[in-house]
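As C-alpha cells, the structure follows; a few thoughts come after it.
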Amino acid sequence: MSMKKMRKATMAAMILFGCVCAPVVATVSYGQLVDEKGNKVESDTSKQTTKSGGGFYDIVFGSGIVGMLLWFALFGDGAMAIYFAVDCFVLVKPGKLMPQKLITNVQNAMAEGDVQKAIDACKNEPSSMSNILSAAFQHVEEGFDVIQEAVNAASDLEQEKLMQRLNWISVCGNLGPSLGLLGTVQGMILTFQALASGGAGDASMLAASIGQALWTTAGGLIVSIPSITIFYMLRNNANRLILRMTAVTMELLNNLRNVEVAAEDAGAEEAAPAEG
C-alpha cells in the first residue's frame, strides 16, 4: 500500500511540475536564447524578451485562455510521460521480474524433489516469475500437460499486467500530437480572426498567431517522439523477459515429468494385488 501511495504522490508531483514550474523554466530558457528577430541575446535577457513580445512567455500566455490550457496540458502530458517512463524502466528489469535468488532456491528445491520448499521460495520472493511458478505448482498432481497450460496462462497474465503499465507511456505519446494539432487549429483560428477584423496589414499579429500554432505542434511532437520510442523499447524488452521466464520455468519443472511417471507406476502396482 505504501508503494502505491508513493507512486501516486510522485505522479502528482510530476504533473504539478509540468503544469506550473515547467512553463516558467521554459520562459526563462527561451528568453535567454533568442529575441524577436531570432538573434542571440547575451545580456539582460528577461527584459529584452518582455519588450520584444516574441518570447516564449508571450507564446504561452498570449494565446488566450484556450491556448494557455493547451500549453499546460502539453507540459502535464510530458511530465506524466517522464514519470511512467521512469516507473517502467525500474519495473521492466530482469532482477525485478525474475530474481536470481528465486531461481536458485527453486532449482535447489526441485533437485531435492521438495515441491513444498519450492512453493515457499515463491512466497518469499514475490515477482512475476514467482507468480508463474506458483501457478504451475498448483497443478503438480494433474499432469505435465496441465502444468504447461497453467504456465502459459500465467505468462499471458503477467504480460498483460506489464502492458497495462507500459500502455500509459503510449497514451502520453499519442496525446502529444493531438494536443499539438488542437493548438495548431486554435492558432489558425486566431489568424483568420485577425484577417477578418481587418488585420491583413498587421504582419506582426499574423506572425504571432501562426507562431503559436507552430509552437504547439512542435511541443506535441517533442513529447510524442521520445514517448513512443521508449514505449516500443520497453514493450519489446518486456516480451523478451516474459518468454525467458516461461522457458526458465519449464526448465525448472522438467523434473516433474519423472515424478508423474513414478506416481502412475506406483498406482498400477497397488492396483495389481487388489485384482488378484
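Residue numbering restarts at 1 for every chain of the C-alpha cells, chains are lettered A, B, ... in their displayed order, and ligands are numbered from 1 as they appear.
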
Near A:Leu206, within 12 Å and counting only C-alpha atoms, which residues show up once chain neighbours fewer than 6 positions away are dropped, as a list in words?
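Contacts, in chain order: Gly187, Met188, Ile189, Leu190, Thr191, Phe192, Gln193, Ala194, Leu195, Ala196, Ser197, Gly198, Gly199, Ala200, Gln212 and Ala213 of chain A.
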
May I have the selected residues written with C-alpha atoms, as a PDB file, in the first residue's frame?
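Listed below is the output, part-v5.pdb:
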```
ATOM      1  CA  GLY A 187      -3.664  29.371 -33.776  1.00  0.00           C
ATOM      2  CA  MET A 188      -5.055  29.281 -37.289  1.00  0.00           C
ATOM      3  CA  ILE A 189      -8.446  30.392 -35.941  1.00  0.00           C
ATOM      4  CA  LEU A 190      -6.749  33.409 -34.377  1.00  0.00           C
ATOM      5  CA  THR A 191      -5.022  34.114 -37.679  1.00  0.00           C
ATOM      6  CA  PHE A 192      -8.246  34.147 -39.657  1.00  0.00           C
ATOM      7  CA  GLN A 193      -9.934  36.195 -36.970  1.00  0.00           C
ATOM      8  CA  ALA A 194      -7.190  38.782 -37.370  1.00  0.00           C
ATOM      9  CA  LEU A 195      -7.720  38.774 -41.133  1.00  0.00           C
ATOM     10  CA  ALA A 196     -11.483  39.098 -40.727  1.00  0.00           C
ATOM     11  CA  SER A 197     -11.087  42.079 -38.404  1.00  0.00           C
ATOM     12  CA  GLY A 198      -9.021  43.964 -40.964  1.00  0.00           C
ATOM     13  CA  GLY A 199      -5.623  42.942 -39.665  1.00  0.00           C
ATOM     14  CA  ALA A 200      -4.252  41.875 -43.022  1.00  0.00           C
ATOM     15  CA  GLN A 212       1.608  29.990 -31.676  1.00  0.00           C
ATOM     16  CA  ALA A 213       0.199  27.317 -33.974  1.00  0.00           C
TER      17      ALA A 213
END
```

How close does each residue of stretch 171-218 of chain A get to stretch 150-166 of chain A, giving the shortest atom pair and distance in Å to one decimal for every residue with an atom at most 12 Å away, counting only C-alpha atoms, sorted by chain and residue number, as a tab-separated table?
```
residue	atom	partner	partner_atom	distance
A:Val171	CA	A:Leu166	CA	9.1
A:Cys172	CA	A:Leu166	CA	10.5
A:Gly173	CA	A:Leu166	CA	11.4
```

Report the distance between atom CA of A:Leu179 and atom CA of A:Leu69 in Å, rounded to one decimal place.
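Atom CA of A:Leu69 lies at a distance of 10.1 Å from atom CA of A:Leu179.
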
Length of the atom CA of A:Leu175 to atom CA of A:Val223 vector [Å]
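Taking atom CA of A:Leu175 and atom CA of A:Val223, their separation equals 8.7 Å.
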
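Closest approach to A:Tyr232 among A:Leu181, A:Leu74, A:Ile210, A:Cys88: A:Cys88, based on only C-alpha atoms.
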
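Nearest to A:Val66 of all the residues A:Met98, A:Val185, A:Val140, A:Cys122 is A:Val185, counting only C-alpha atoms.
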
Can I get the residues of stretch 57-117 of chain A within 8 Å of stretch 237-244 of chain A, each with the closest pair of atoms and their distance in Å to one decimal, using only C-alpha atoms, sorted chain first then ascending number, as JSON lines?
```
{"residue": "A:Val92", "atom": "CA", "partner": "A:Ala238", "partner_atom": "CA", "distance": 6.0}
{"residue": "A:Pro94", "atom": "CA", "partner": "A:Leu241", "partner_atom": "CA", "distance": 6.9}
{"residue": "A:Leu97", "atom": "CA", "partner": "A:Leu241", "partner_atom": "CA", "distance": 7.9}
```

Dump as a PDB file, in the first residue's frame, selection limited to C-alpha atoms:
```pdb
ATOM      1  CA  VAL A  92      10.998  -3.990 -16.634  1.00  0.00           C
ATOM      2  CA  PRO A  94      15.470  -8.995 -15.125  1.00  0.00           C
ATOM      3  CA  LEU A  97      10.777  -9.660 -12.749  1.00  0.00           C
TER       4      LEU A  97
END
```

Polymer residues at most 10 Å from stretch 105-119 of chain A, only C-alpha atoms, same-chain spacing of 6 or more positions, as a PDB file with N, CA and C atoms, in the first residue's frame:
```pdb
ATOM      1  N   GLU A 125       9.742 -14.651  -2.320  1.00  0.00           N
ATOM      2  CA  GLU A 125      10.286 -13.751  -3.352  1.00  0.00           C
ATOM      3  C   GLU A 125       9.182 -13.390  -4.338  1.00  0.00           C
ATOM      4  N   SER A 130       7.734 -15.659  -9.764  1.00  0.00           N
ATOM      5  CA  SER A 130       7.146 -16.455  -8.696  1.00  0.00           C
ATOM      6  C   SER A 130       5.662 -16.710  -8.948  1.00  0.00           C
ATOM      7  N   LEU A 133       5.566 -19.562 -11.474  1.00  0.00           N
ATOM      8  CA  LEU A 133       5.925 -20.826 -10.826  1.00  0.00           C
ATOM      9  C   LEU A 133       4.819 -21.306  -9.892  1.00  0.00           C
ATOM     10  N   SER A 134       4.217 -20.386  -9.153  1.00  0.00           N
ATOM     11  CA  SER A 134       3.141 -20.770  -8.232  1.00  0.00           C
ATOM     12  C   SER A 134       1.956 -21.347  -8.985  1.00  0.00           C
ATOM     13  N   ALA A 135       1.627 -20.765 -10.137  1.00  0.00           N
ATOM     14  CA  ALA A 135       0.535 -21.298 -10.951  1.00  0.00           C
ATOM     15  C   ALA A 135       0.842 -22.712 -11.424  1.00  0.00           C
ATOM     16  N   ALA A 136       2.113 -22.969 -11.719  1.00  0.00           N
ATOM     17  CA  ALA A 136       2.493 -24.317 -12.160  1.00  0.00           C
ATOM     18  C   ALA A 136       2.425 -25.312 -11.003  1.00  0.00           C
ATOM     19  N   PHE A 137       2.896 -24.914  -9.817  1.00  0.00           N
ATOM     20  CA  PHE A 137       2.912 -25.832  -8.670  1.00  0.00           C
ATOM     21  C   PHE A 137       1.503 -26.187  -8.191  1.00  0.00           C
ATOM     22  N   GLN A 138       0.524 -25.352  -8.490  1.00  0.00           N
ATOM     23  CA  GLN A 138      -0.845 -25.648  -8.089  1.00  0.00           C
ATOM     24  C   GLN A 138      -1.436 -26.830  -8.862  1.00  0.00           C
ATOM     25  N   VAL A 140       0.507 -29.596  -9.902  1.00  0.00           N
ATOM     26  CA  VAL A 140       1.527 -30.651  -9.945  1.00  0.00           C
ATOM     27  C   VAL A 140       0.899 -32.033 -10.070  1.00  0.00           C
ATOM     28  N   THR A 249      10.993 -21.368 -16.443  1.00  0.00           N
ATOM     29  CA  THR A 249      10.017 -22.091 -15.637  1.00  0.00           C
ATOM     30  C   THR A 249       9.860 -23.534 -16.118  1.00  0.00           C
ATOM     31  N   GLU A 251      11.993 -25.237 -17.732  1.00  0.00           N
ATOM     32  CA  GLU A 251      13.245 -25.952 -17.457  1.00  0.00           C
ATOM     33  C   GLU A 251      13.305 -26.393 -15.991  1.00  0.00           C
ATOM     34  N   LEU A 252      12.853 -25.508 -15.093  1.00  0.00           N
ATOM     35  CA  LEU A 252      12.856 -25.863 -13.675  1.00  0.00           C
ATOM     36  C   LEU A 252      11.867 -26.983 -13.363  1.00  0.00           C
ATOM     37  N   LEU A 253      10.753 -27.015 -14.078  1.00  0.00           N
ATOM     38  CA  LEU A 253       9.707 -28.007 -13.825  1.00  0.00           C
ATOM     39  C   LEU A 253       9.879 -29.271 -14.650  1.00  0.00           C
ATOM     40  N   ASN A 254      10.947 -29.373 -15.390  1.00  0.00           N
ATOM     41  CA  ASN A 254      11.132 -30.532 -16.262  1.00  0.00           C
ATOM     42  C   ASN A 254      11.223 -31.828 -15.478  1.00  0.00           C
ATOM     43  N   ASN A 255      11.725 -31.724 -14.229  1.00  0.00           N
ATOM     44  CA  ASN A 255      11.845 -32.935 -13.407  1.00  0.00           C
ATOM     45  C   ASN A 255      10.491 -33.513 -13.013  1.00  0.00           C
ATOM     46  N   LEU A 256       9.434 -32.715 -13.136  1.00  0.00           N
ATOM     47  CA  LEU A 256       8.113 -33.218 -12.761  1.00  0.00           C
ATOM     48  C   LEU A 256       7.602 -34.267 -13.737  1.00  0.00           C
ATOM     49  N   VAL A 259       8.438 -37.412 -11.951  1.00  0.00           N
ATOM     50  CA  VAL A 259       7.594 -37.590 -10.770  1.00  0.00           C
ATOM     51  C   VAL A 259       6.230 -38.111 -11.160  1.00  0.00           C
TER      52      VAL A 259
END
```

Which polymer residues have any atom within 9 Å of an atom of A:Ile169, counting only C-alpha atoms, with same-chain residues fewer than 4 positions away left out, as a list in words?
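Listing them by chain and then by number gives Met80, Ala81, Ile82, Tyr83, Phe84, Ala85, Cys88, Arg165, Gly173, Asn174, Ser227, Ile228, Ile230 and Phe231 of chain A.
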
Can I get the selection written as a compact mmCIF listing (two decimals), in the first residue's frame, with C-alpha atoms?
```
# COMPACT_ATOMS: atom_id res chain seq x y z
CA MET A 80 3.34 12.16 -16.99
CA ALA A 81 5.30 10.57 -19.85
CA ILE A 82 8.54 11.08 -17.89
CA TYR A 83 7.00 9.61 -14.75
CA PHE A 84 5.64 6.48 -16.46
CA ALA A 85 8.87 6.01 -18.43
CA CYS A 88 8.55 1.24 -16.27
CA ARG A 165 1.66 -0.18 -17.08
CA GLY A 173 2.83 9.77 -26.64
CA ASN A 174 -0.43 9.73 -28.59
CA SER A 227 7.46 8.62 -25.54
CA ILE A 228 6.66 6.31 -28.45
CA ILE A 230 10.59 4.43 -25.12
CA PHE A 231 7.26 2.57 -25.21
```

For atom CA of A:Gly78 and atom CA of A:Ser209, determine how far apart the two atoms are, in Å to one decimal place.
23.5 Å

For A:Phe75, which residue among A:Thr229, A:Phe89, A:Leu214, A:Ile222 is the nearest when counting only C-alpha atoms?
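Result for the nearest residue to A:Phe75: A:Ile222.
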